[in-house]
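Colleague: structure-v6.txt is reproduced below (compact mmCIF, C-alpha atoms).
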# COMPACT_ATOMS: atom_id res chain seq x y z
CA HIS O 1 0.00 0.00 0.00
CA LEU O 2 1.25 3.50 -0.87
CA PHE O 3 1.01 6.50 1.44
CA ALA O 4 1.34 10.17 0.47
CA THR O 5 3.94 11.88 2.68
CA LEU O 6 5.71 15.24 2.76
CA ASN O 7 8.60 13.49 0.98
CA GLY O 8 6.57 11.80 -1.73
CA MET O 9 4.85 8.42 -1.99
CA LYS O 10 6.10 5.68 0.32
CA THR O 11 5.22 2.03 0.87
CA THR O 12 4.45 0.72 4.35
CA ALA O 13 7.99 -0.70 4.59
CA GLU O 14 9.52 2.67 3.70
CA LEU O 15 7.70 4.62 6.41
CA ASP O 16 9.77 5.77 9.40
CA ALA O 17 8.63 6.66 12.89
CA GLY O 18 7.52 10.29 12.90
CA ASP O 19 6.66 10.47 9.19
CA LYS O 20 3.59 12.60 8.46
CA ILE O 21 1.12 11.10 6.03
CA PHE O 22 -1.83 12.66 4.20
CA VAL O 23 -5.22 11.12 4.92
CA ALA O 24 -8.57 11.72 3.26
CA VAL O 25 -11.14 13.47 5.45
CA ASN O 26 -13.96 12.79 2.97
CA LYS O 27 -15.40 16.29 3.42
CA LYS O 28 -16.52 18.28 0.40
CA PHE O 29 -14.38 21.36 -0.18
CA SER O 30 -15.35 24.59 -1.95
CA PRO O 31 -12.22 26.33 -3.26
CA ASP O 32 -11.70 30.05 -3.70
CA LYS O 33 -11.44 30.04 -7.49
CA GLY O 34 -10.22 33.63 -7.59
CA SER O 35 -7.30 33.05 -5.23
CA PRO O 36 -3.65 33.07 -6.41
CA GLU O 37 -3.29 29.51 -5.06
CA TYR O 38 -6.19 28.20 -7.18
CA GLU O 39 -5.01 30.02 -10.31
CA THR O 40 -1.42 28.85 -9.85
CA GLY O 41 -2.71 25.32 -9.40
CA PHE O 42 -4.83 25.61 -12.54
CA ILE O 43 -1.86 26.64 -14.71
CA SER O 44 0.29 23.93 -13.07
CA GLY O 45 -2.35 21.37 -14.08
CA LEU O 46 -2.36 22.68 -17.66
CA VAL O 47 1.42 22.37 -17.93
CA TYR O 48 1.46 18.94 -16.29
CA GLY O 49 -1.32 17.65 -18.52
CA ASP O 50 -0.51 19.14 -21.92
CA GLY O 51 2.60 21.30 -21.58
CA CYS O 52 6.27 20.91 -20.81
CA ILE O 53 9.24 22.66 -19.25
CA SER O 54 12.68 23.37 -20.67
CA ASP O 55 15.82 24.53 -18.86
CA ASN O 56 14.68 28.14 -18.94
CA ALA O 57 10.92 28.26 -19.60
CA ALA O 58 7.55 26.70 -18.90
CA ILE O 59 5.52 25.94 -22.02
CA VAL O 60 1.71 25.96 -22.11
CA ASP O 61 -0.04 24.46 -25.14
CA LEU O 62 -3.68 25.04 -26.04
CA TRP O 63 -5.44 23.63 -29.09
CA GLU O 64 -7.61 25.37 -31.66
CA ASP O 65 -10.74 24.20 -29.84
CA ASP O 66 -9.59 26.33 -26.87
CA ASP O 67 -9.75 29.54 -28.92
CA GLY O 68 -12.38 31.11 -26.65
CA ASN O 69 -10.26 30.65 -23.52
CA VAL O 70 -6.82 31.68 -24.80
CA LYS O 71 -7.04 35.28 -23.52
CA LYS O 72 -8.52 34.23 -20.16
CA ILE O 73 -5.71 31.75 -19.52
CA GLU O 74 -3.15 34.30 -20.71
CA GLN O 75 -4.47 36.78 -18.12
CA ILE O 76 -4.26 34.18 -15.35
CA ILE O 77 -0.60 33.58 -16.22
CA HIS O 78 0.08 37.34 -16.12
CA ARG O 79 -1.55 37.57 -12.67
CA ILE O 80 0.27 34.67 -11.02
CA CYS O 81 3.60 35.83 -12.48
CA GLY O 82 3.06 39.32 -11.09
CA HIS O 83 3.04 41.06 -14.47
CA ASP O 84 1.52 44.54 -14.52
CA THR O 85 -0.57 44.62 -17.71
CA LYS O 86 -1.27 48.34 -17.23
CA ASN O 87 2.41 49.25 -17.29
CA GLN O 88 3.21 50.16 -20.90
CA LYS O 89 6.94 49.51 -20.41
CA THR O 90 6.41 45.89 -19.37
CA HIS O 91 3.33 45.23 -21.52
CA LYS O 92 5.45 44.73 -24.63
CA ILE O 93 7.33 41.79 -23.05
CA LEU O 94 4.36 40.01 -21.48
CA PRO O 95 4.27 36.30 -22.40
CA ILE O 96 1.46 35.68 -24.89
CA PHE O 97 0.08 32.72 -26.83
CA ASN O 98 1.25 32.47 -30.42
CA LEU O 99 -0.46 30.37 -33.06
CA ALA O 100 1.74 27.46 -34.15
CA HIS O 101 0.82 25.61 -37.35
CA ARG O 102 1.25 21.84 -37.46
CA THR O 103 1.76 19.58 -40.44
CA ASP O 104 -1.35 17.56 -39.61
CA ASN O 105 -3.50 20.68 -40.20
CA TYR O 106 -4.43 20.93 -36.52
CA GLU O 107 -3.41 24.27 -35.06
CA LYS O 108 -2.32 25.00 -31.52
CA TYR O 109 -1.44 27.99 -29.37
CA ARG O 110 1.83 28.06 -27.42
CA LEU O 111 3.08 30.32 -24.63
CA GLN O 112 6.63 30.20 -23.23
CA SER O 113 7.64 32.01 -20.06
CA SER O 114 10.69 31.96 -17.79
CA SER O 115 8.80 33.76 -15.01
CA LEU O 116 6.08 31.10 -15.12
CA LEU O 117 8.75 28.42 -14.73
CA ARG O 118 9.96 30.14 -11.54
CA VAL O 119 6.39 30.22 -10.18
CA LEU O 120 5.90 26.51 -10.91
CA LYS O 121 9.21 25.54 -9.31
CA ASN O 122 8.33 27.57 -6.19
CA ASN O 123 5.38 25.21 -5.76
CA GLY O 124 7.51 22.08 -6.26
CA PHE O 125 6.40 21.37 -9.85
CA ASN O 126 7.91 18.24 -11.38
CA LYS O 127 6.74 16.61 -14.63
CA ASP O 128 8.42 13.29 -13.74
CA ASN O 129 6.17 12.57 -10.76
CA LEU O 130 3.26 14.09 -8.88
CA ASP O 131 4.31 13.51 -5.26
CA TRP O 132 4.87 17.25 -4.76
CA ILE O 133 1.16 18.02 -5.11
CA HIS O 134 0.44 16.88 -1.54
CA SER O 135 2.48 19.66 0.09
CA ASN O 136 0.32 22.38 -1.50
CA SER O 137 -2.92 23.98 -0.24
CA LYS O 138 -6.40 22.63 -1.01
CA ASP O 139 -7.09 25.66 -3.21
CA PHE O 140 -3.95 24.84 -5.21
CA LYS O 141 -4.93 21.16 -5.46
CA SER O 142 -8.44 22.05 -6.66
CA GLY O 143 -7.00 24.38 -9.29
CA PHE O 144 -4.50 21.73 -10.36
CA LEU O 145 -7.25 19.16 -10.89
CA SER O 146 -9.25 21.70 -12.89
CA GLY O 147 -6.27 22.45 -15.15
CA LEU O 148 -5.34 18.78 -15.51
CA PHE O 149 -8.85 17.71 -16.51
CA TYR O 150 -9.12 20.72 -18.84
CA ALA O 151 -5.96 19.58 -20.62
CA ASP O 152 -6.32 15.80 -20.56
CA GLY O 153 -9.78 14.87 -19.31
CA HIS O 154 -13.10 14.27 -21.02
CA ILE O 155 -16.77 13.69 -20.25
CA ASP O 156 -18.29 10.31 -21.15
CA PHE O 157 -22.02 9.78 -21.51
CA ASN O 158 -23.38 6.24 -21.65
CA ASP O 159 -26.57 6.44 -23.68
CA LYS O 160 -27.69 2.95 -22.64
CA SER O 161 -27.47 3.52 -18.88
CA ARG O 162 -28.04 7.30 -19.19
CA SER O 163 -25.04 7.84 -16.92
CA LEU O 164 -22.31 10.47 -16.92
CA SER O 165 -18.68 10.13 -15.89
CA LEU O 166 -15.53 12.27 -15.88
CA ARG O 167 -12.40 10.50 -17.13
CA ILE O 168 -8.69 11.05 -17.53
CA THR O 169 -6.20 8.69 -19.18
CA SER O 170 -2.47 8.32 -18.54
CA ILE O 171 0.42 5.89 -19.00
CA ASN O 172 1.62 6.96 -15.54
CA PHE O 173 -0.26 4.77 -13.04
CA PHE O 174 1.39 6.38 -10.02
CA ALA O 175 0.42 9.87 -11.21
CA LEU O 176 -3.22 8.74 -11.41
CA GLN O 177 -2.92 7.33 -7.89
CA ASN O 178 -1.80 10.75 -6.69
CA VAL O 179 -4.74 12.38 -8.50
CA GLN O 180 -7.06 9.85 -6.86
CA LEU O 181 -5.66 10.69 -3.40
CA VAL O 182 -6.18 14.41 -3.96
CA LEU O 183 -9.73 13.83 -5.22
CA GLN O 184 -10.50 11.74 -2.14
CA GLU O 185 -9.06 14.44 0.12
CA LEU O 186 -11.52 16.89 -1.47
CA GLY O 187 -14.46 14.52 -0.96
CA ILE O 188 -14.60 13.10 -4.50
CA PHE O 189 -14.37 9.34 -5.04
CA SER O 190 -12.89 7.73 -8.15
CA ARG O 191 -11.54 4.44 -9.45
CA ILE O 192 -8.61 3.50 -11.72
CA ASN O 193 -9.02 0.84 -14.43
CA ASP O 194 -6.59 -0.80 -16.82
CA LEU O 195 -7.25 0.59 -20.30
CA LEU O 196 -4.82 -0.76 -22.92
CA PRO O 197 -1.87 -3.18 -22.65
CA GLN O 198 1.60 -2.55 -24.06
CA ARG O 199 1.27 -2.62 -27.84
CA GLU O 200 2.41 -1.30 -31.21
CA THR O 201 0.11 1.29 -32.82
CA LEU O 202 0.13 3.06 -36.17
CA MET O 203 0.04 6.82 -35.56
CA SER O 204 0.84 10.12 -37.23
CA ASN O 205 4.57 10.86 -37.35
CA GLY O 206 4.02 14.64 -37.26
CA LYS O 207 5.34 14.99 -40.81
CA GLY O 208 2.18 14.14 -42.71
CA GLY O 209 2.76 10.38 -42.69
CA MET O 210 2.19 7.37 -40.42
CA LYS O 211 4.60 5.35 -38.31
CA LEU O 212 4.39 2.27 -36.08
CA TYR O 213 5.08 3.23 -32.45
CA SER O 214 5.61 1.07 -29.37
CA CYS O 215 3.09 2.22 -26.73
CA ARG O 216 3.23 1.68 -22.98
CA PRO O 217 0.24 0.33 -21.01
CA SER O 218 -2.39 2.96 -20.26
CA TYR O 219 -4.81 3.48 -17.38
CA ARG O 220 -8.00 5.47 -16.86
CA LEU O 221 -9.25 7.28 -13.76
CA ILE O 222 -13.05 7.53 -13.64
CA ILE O 223 -15.29 9.75 -11.54
CA ALA O 224 -18.76 8.22 -11.75
CA GLU O 225 -22.19 8.58 -10.13
CA LYS O 226 -24.35 11.67 -10.59
CA ASN O 227 -23.72 13.39 -7.23
CA ASN O 228 -19.99 12.64 -7.40
CA CYS O 229 -19.69 14.21 -10.86
CA LYS O 230 -21.79 17.19 -9.77
CA THR O 231 -19.50 17.83 -6.80
CA ALA O 232 -16.41 17.51 -8.97
CA SER O 233 -17.68 19.83 -11.70
CA LYS O 234 -18.98 22.45 -9.26
CA ASN O 235 -16.17 22.58 -6.71
CA THR O 236 -13.08 21.28 -8.45
CA ILE O 237 -13.11 20.31 -12.11
Here is the file; what I need is its structure written in the form of structure tokens.
Modeller:
Amino acid sequence: HLFATLNGMKTTAELDAGDKIFVAVNKKFSPDKGSPEYETGFISGLVYGDGCISDNAAIVDLWEDDDGNVKKIEQIIHRICGHDTKNQKTHKILPIFNLAHRTDNYEKYRLQSSSLLRVLKNNGFNKDNLDWIHSNSKDFKSGFLSGLFYADGHIDFNDKSRSLSLRITSINFFALQNVQLVLQELGIFSRINDLLPQRETLMSNGKGGMKLYSCRPSYRLIIAEKNNCKTASKNTI
């Protein structure tokens, strides 16, 4: 069994006397969605889900379907980075989304910012694992889940059973476990299922052609049941 601690995930055998562990209180939580912690968490979730970091910048990617939210997300980044949009001297160097054309005819918007990277690192951000999420505030965690599901999640409606569920897929099982722990801490229950085994799949090579790629096993986290989904969509996602 894995436990979330201040120093990351640990098994029972790895726990030492005096270690502090995070436990779920199973109480619904209503975040302050206008707080710096929530907004920083939201952008962190976007970068973790569908962005990346380089040695000197954080990179946020949005797709053409996100066109209506580009300016809103841009403004959030300006706020959490402390940029003064009313100062004409600094306004010219504010990080903005630029339209990047892809060879598969699907356009995306990309923003790169060194100041955003500093903000993310101040909150422990790490793309390789998600253990750091547990040392942040509940507002931050709620924002992170919102950004992560915005980037990588989707809504599934089963017409036969007339049921709704919120889902997110990943090849990183341990990352989904961390997401599940945070959801539980905020009073939202979920389950993780195996999705696809290791396999070879024919996919776009990004140059207008197709190529056979070796794919790792994938997993899916599911938030089901009407009241559970309602709580998640209203208070977190």
Colleague: How close does range 126-190 of chain O get to range 224-233 of chain O? List, as a Markdown table, each residue of range 126-190 of chain O within 10 Å, its nearest atom pair and the distance in Å to one decimal, counting only C-alpha atoms.
Modeller:
| residue | atom | partner | partner_atom | distance |
| --- | --- | --- | --- | --- |
| O:Ser142 | CA | O:Ala232 | CA | 9.5 |
| O:Leu145 | CA | O:Ala232 | CA | 9.5 |
| O:Ser146 | CA | O:Ser233 | CA | 8.7 |
| O:Ile155 | CA | O:Cys229 | CA | 9.8 |
| O:Asp156 | CA | O:Ala224 | CA | 9.6 |
| O:Ser163 | CA | O:Glu225 | CA | 7.4 |
| O:Leu164 | CA | O:Ala224 | CA | 6.7 |
| O:Ser165 | CA | O:Ala224 | CA | 4.6 |
| O:Leu166 | CA | O:Ala224 | CA | 6.6 |
| O:Arg167 | CA | O:Ala224 | CA | 8.6 |
| O:Leu183 | CA | O:Ala232 | CA | 8.5 |
| O:Leu186 | CA | O:Ala232 | CA | 9.0 |
| O:Gly187 | CA | O:Thr231 | CA | 8.4 |
| O:Ile188 | CA | O:Asn228 | CA | 6.1 |
| O:Phe189 | CA | O:Asn228 | CA | 6.9 |
| O:Ser190 | CA | O:Ala224 | CA | 6.9 |
Colleague: Quick one: residues within 10 Å of Lys108 in chain O, only C-alpha atoms, excluding same-chain residues fewer than 2 positions away - as a PyMOL selection string?
Modeller: chain O and resi 61-67+97-102+105-106+110
Colleague: Find the spatial neighbours of range 148-151 of chain O, counting only C-alpha atoms, within a cut-off of 9 Å - ignore same-chain residues fewer than 6 positions away - and output them as a list of chain:residue names.
Modeller: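 That gives O:Phe42, O:Ile43, O:Ser44, O:Gly45, O:Leu46, O:Val47, O:Tyr48, O:Gly49, O:Asp50, O:Gly51, O:Asp61, O:Leu62, O:Leu166, O:Arg167, O:Ile168, O:Ile237.
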Colleague: Set the distance at 12 Å and use only C-alpha atoms: which residues neighbour Leu176 in chain O once local chain neighbours fewer than 3 positions away are removed? I'd like the list as a VMD selection string.
Modeller: chain O and resid 49 129 to 131 145 148 to 149 152 to 153 167 to 173 179 to 183 190 to 194 218 to 222
Colleague: Can you tell me how far CA of Cys81 in chain O sits from CA of Asn178 in chain O, in Å to one decimal?
Modeller: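 Separation of CA of Cys81 in chain O and CA of Asn178 in chain O: 26.3 Å.
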Colleague: Please measure the separation of CA of Arg118 in chain O and CA of Gln75 in chain O, giving the value in Å to one decimal.
Modeller: 17.2 Å
Colleague: Find the distance between CA of Phe174 in chain O and CA of Asn136 in chain O and write it in Å to one decimal.
Modeller: 18.2 Å
Colleague: Which residue, O:Phe140, O:Phe125, O:Tyr109, O:Phe157, has the smallest gap to Ser30 in chain O when you use all atoms listed in the file?
Modeller: O:Phe140
Colleague: With all atoms listed in the file as the atoms that count, which of O:Ile133, O:Leu202, O:Leu111, O:Val119 lies nearest to Pro36 in chain O?
Modeller: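 Of O:Ile133, O:Leu202, O:Leu111, O:Val119, the one nearest Pro36 in chain O is O:Val119, counting all atoms listed in the file.
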Colleague: Would you mind telling me which residue in O:Ser204, O:Ser137, O:Thr12, O:Ser214 lies nearest to Glu185 in chain O when using only C-alpha atoms?
Modeller: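 Closest to Glu185 in chain O of all the choices is O:Ser137.
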Colleague: Restricting the calculation to all atoms listed in the file, which member of O:Lys160, O:Ile59, O:Gly68, O:Ser114 is positioned closest to Lys127 in chain O?
Modeller: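 Counting all atoms listed in the file, the residue closest to Lys127 in chain O is O:Ile59.
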Colleague: Calculated over all atoms listed in the file, which of the candidates O:Ile80, O:Leu195, O:Ala58, O:Ile73 has the smallest distance to Gln112 in chain O?
Modeller: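 Closest residue, counting all atoms listed in the file: O:Ala58.
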Colleague: With all heavy atoms as the atom set, please write range 145-158 of chain O from the structure just given, as a PDB file, in the first residue's frame.
Modeller:
ATOM      1  N   LEU O 145      -6.342  20.141 -10.303  1.00  0.00           N
ATOM      2  CA  LEU O 145      -7.249  19.157 -10.891  1.00  0.00           C
ATOM      3  C   LEU O 145      -8.059  19.771 -12.028  1.00  0.00           C
ATOM      4  O   LEU O 145      -8.284  19.139 -13.066  1.00  0.00           O
ATOM      5  CB  LEU O 145      -8.184  18.602  -9.818  1.00  0.00           C
ATOM      6  CG  LEU O 145      -7.536  17.724  -8.743  1.00  0.00           C
ATOM      7  CD1 LEU O 145      -8.551  17.394  -7.661  1.00  0.00           C
ATOM      8  CD2 LEU O 145      -6.974  16.442  -9.345  1.00  0.00           C
ATOM      9  N   SER O 146      -8.495  21.021 -11.845  1.00  0.00           N
ATOM     10  CA  SER O 146      -9.253  21.705 -12.888  1.00  0.00           C
ATOM     11  C   SER O 146      -8.412  21.860 -14.156  1.00  0.00           C
ATOM     12  O   SER O 146      -8.880  21.583 -15.265  1.00  0.00           O
ATOM     13  CB  SER O 146      -9.704  23.078 -12.384  1.00  0.00           C
ATOM     14  OG  SER O 146     -10.458  23.756 -13.356  1.00  0.00           O
ATOM     15  N   GLY O 147      -7.151  22.293 -13.998  1.00  0.00           N
ATOM     16  CA  GLY O 147      -6.267  22.450 -15.146  1.00  0.00           C
ATOM     17  C   GLY O 147      -5.916  21.127 -15.804  1.00  0.00           C
ATOM     18  O   GLY O 147      -5.872  21.017 -17.036  1.00  0.00           O
ATOM     19  N   LEU O 148      -5.697  20.104 -14.981  1.00  0.00           N
ATOM     20  CA  LEU O 148      -5.343  18.785 -15.514  1.00  0.00           C
ATOM     21  C   LEU O 148      -6.485  18.182 -16.321  1.00  0.00           C
ATOM     22  O   LEU O 148      -6.278  17.663 -17.429  1.00  0.00           O
ATOM     23  CB  LEU O 148      -4.958  17.855 -14.355  1.00  0.00           C
ATOM     24  CG  LEU O 148      -4.556  16.432 -14.735  1.00  0.00           C
ATOM     25  CD1 LEU O 148      -3.280  16.433 -15.586  1.00  0.00           C
ATOM     26  CD2 LEU O 148      -4.353  15.572 -13.487  1.00  0.00           C
ATOM     27  N   PHE O 149      -7.708  18.257 -15.783  1.00  0.00           N
ATOM     28  CA  PHE O 149      -8.850  17.714 -16.508  1.00  0.00           C
ATOM     29  C   PHE O 149      -9.178  18.565 -17.732  1.00  0.00           C
ATOM     30  O   PHE O 149      -9.662  18.044 -18.737  1.00  0.00           O
ATOM     31  CB  PHE O 149     -10.070  17.601 -15.589  1.00  0.00           C
ATOM     32  CG  PHE O 149     -10.137  16.300 -14.840  1.00  0.00           C
ATOM     33  CD1 PHE O 149      -9.407  16.110 -13.671  1.00  0.00           C
ATOM     34  CD2 PHE O 149     -10.905  15.245 -15.302  1.00  0.00           C
ATOM     35  CE1 PHE O 149      -9.452  14.910 -12.982  1.00  0.00           C
ATOM     36  CE2 PHE O 149     -10.963  14.038 -14.630  1.00  0.00           C
ATOM     37  CZ  PHE O 149     -10.232  13.867 -13.456  1.00  0.00           C
ATOM     38  N   TYR O 150      -8.915  19.870 -17.670  1.00  0.00           N
ATOM     39  CA  TYR O 150      -9.121  20.721 -18.844  1.00  0.00           C
ATOM     40  C   TYR O 150      -8.194  20.290 -19.974  1.00  0.00           C
ATOM     41  O   TYR O 150      -8.587  20.239 -21.137  1.00  0.00           O
ATOM     42  CB  TYR O 150      -8.849  22.180 -18.480  1.00  0.00           C
ATOM     43  CG  TYR O 150      -9.096  23.150 -19.614  1.00  0.00           C
ATOM     44  CD1 TYR O 150     -10.335  23.775 -19.768  1.00  0.00           C
ATOM     45  CD2 TYR O 150      -8.106  23.447 -20.543  1.00  0.00           C
ATOM     46  CE1 TYR O 150     -10.582  24.656 -20.817  1.00  0.00           C
ATOM     47  CE2 TYR O 150      -8.339  24.328 -21.594  1.00  0.00           C
ATOM     48  CZ  TYR O 150      -9.578  24.929 -21.728  1.00  0.00           C
ATOM     49  OH  TYR O 150      -9.795  25.792 -22.767  1.00  0.00           O
ATOM     50  N   ALA O 151      -6.957  19.951 -19.615  1.00  0.00           N
ATOM     51  CA  ALA O 151      -5.960  19.577 -20.623  1.00  0.00           C
ATOM     52  C   ALA O 151      -6.136  18.144 -21.112  1.00  0.00           C
ATOM     53  O   ALA O 151      -6.051  17.877 -22.314  1.00  0.00           O
ATOM     54  CB  ALA O 151      -4.550  19.753 -20.047  1.00  0.00           C
ATOM     55  N   ASP O 152      -6.385  17.221 -20.202  1.00  0.00           N
ATOM     56  CA  ASP O 152      -6.323  15.799 -20.556  1.00  0.00           C
ATOM     57  C   ASP O 152      -7.608  15.014 -20.308  1.00  0.00           C
ATOM     58  O   ASP O 152      -7.684  13.841 -20.668  1.00  0.00           O
ATOM     59  CB  ASP O 152      -5.191  15.126 -19.754  1.00  0.00           C
ATOM     60  CG  ASP O 152      -3.867  15.178 -20.485  1.00  0.00           C
ATOM     61  OD1 ASP O 152      -3.855  15.620 -21.647  1.00  0.00           O
ATOM     62  OD2 ASP O 152      -2.837  14.792 -19.897  1.00  0.00           O
ATOM     63  N   GLY O 153      -8.584  15.620 -19.662  1.00  0.00           N
ATOM     64  CA  GLY O 153      -9.781  14.874 -19.305  1.00  0.00           C
ATOM     65  C   GLY O 153     -10.880  14.958 -20.349  1.00  0.00           C
ATOM     66  O   GLY O 153     -10.786  15.713 -21.319  1.00  0.00           O
ATOM     67  N   HIS O 154     -11.933  14.173 -20.154  1.00  0.00           N
ATOM     68  CA  HIS O 154     -13.102  14.266 -21.020  1.00  0.00           C
ATOM     69  C   HIS O 154     -14.341  13.761 -20.283  1.00  0.00           C
ATOM     70  O   HIS O 154     -14.237  13.102 -19.237  1.00  0.00           O
ATOM     71  CB  HIS O 154     -12.905  13.477 -22.320  1.00  0.00           C
ATOM     72  CG  HIS O 154     -12.942  11.999 -22.155  1.00  0.00           C
ATOM     73  ND1 HIS O 154     -11.844  11.262 -21.744  1.00  0.00           N
ATOM     74  CD2 HIS O 154     -13.945  11.092 -22.354  1.00  0.00           C
ATOM     75  CE1 HIS O 154     -12.156   9.987 -21.698  1.00  0.00           C
ATOM     76  NE2 HIS O 154     -13.417   9.849 -22.051  1.00  0.00           N
ATOM     77  N   ILE O 155     -15.495  14.121 -20.807  1.00  0.00           N
ATOM     78  CA  ILE O 155     -16.773  13.687 -20.248  1.00  0.00           C
ATOM     79  C   ILE O 155     -17.305  12.534 -21.088  1.00  0.00           C
ATOM     80  O   ILE O 155     -17.303  12.605 -22.318  1.00  0.00           O
ATOM     81  CB  ILE O 155     -17.793  14.839 -20.248  1.00  0.00           C
ATOM     82  CG1 ILE O 155     -17.279  16.006 -19.398  1.00  0.00           C
ATOM     83  CG2 ILE O 155     -19.154  14.369 -19.732  1.00  0.00           C
ATOM     84  CD1 ILE O 155     -18.114  17.257 -19.533  1.00  0.00           C
ATOM     85  N   ASP O 156     -17.731  11.474 -20.430  1.00  0.00           N
ATOM     86  CA  ASP O 156     -18.285  10.313 -21.148  1.00  0.00           C
ATOM     87  C   ASP O 156     -19.756  10.142 -20.761  1.00  0.00           C
ATOM     88  O   ASP O 156     -20.096  10.158 -19.577  1.00  0.00           O
ATOM     89  CB  ASP O 156     -17.504   9.054 -20.788  1.00  0.00           C
ATOM     90  CG  ASP O 156     -17.993   7.836 -21.559  1.00  0.00           C
ATOM     91  OD1 ASP O 156     -17.600   7.690 -22.724  1.00  0.00           O
ATOM     92  OD2 ASP O 156     -18.768   7.042 -20.986  1.00  0.00           O
ATOM     93  N   PHE O 157     -20.598  10.016 -21.765  1.00  0.00           N
ATOM     94  CA  PHE O 157     -22.020   9.783 -21.514  1.00  0.00           C
ATOM     95  C   PHE O 157     -22.409   8.439 -22.100  1.00  0.00           C
ATOM     96  O   PHE O 157     -22.230   8.183 -23.290  1.00  0.00           O
ATOM     97  CB  PHE O 157     -22.880  10.887 -22.138  1.00  0.00           C
ATOM     98  CG  PHE O 157     -24.355  10.687 -21.904  1.00  0.00           C
ATOM     99  CD1 PHE O 157     -24.905  10.916 -20.651  1.00  0.00           C
ATOM    100  CD2 PHE O 157     -25.187  10.252 -22.925  1.00  0.00           C
ATOM    101  CE1 PHE O 157     -26.258  10.730 -20.422  1.00  0.00           C
ATOM    102  CE2 PHE O 157     -26.544  10.056 -22.711  1.00  0.00           C
ATOM    103  CZ  PHE O 157     -27.081  10.302 -21.450  1.00  0.00           C
ATOM    104  N   ASN O 158     -22.928   7.565 -21.229  1.00  0.00           N
ATOM    105  CA  ASN O 158     -23.382   6.243 -21.645  1.00  0.00           C
ATOM    106  C   ASN O 158     -24.867   6.327 -21.961  1.00  0.00           C
ATOM    107  O   ASN O 158     -25.700   6.473 -21.065  1.00  0.00           O
ATOM    108  CB  ASN O 158     -23.128   5.223 -20.531  1.00  0.00           C
ATOM    109  CG  ASN O 158     -23.406   3.800 -20.978  1.00  0.00           C
ATOM    110  OD1 ASN O 158     -24.444   3.504 -21.559  1.00  0.00           O
ATOM    111  ND2 ASN O 158     -22.469   2.905 -20.693  1.00  0.00           N
TER     112      ASN O 158
END
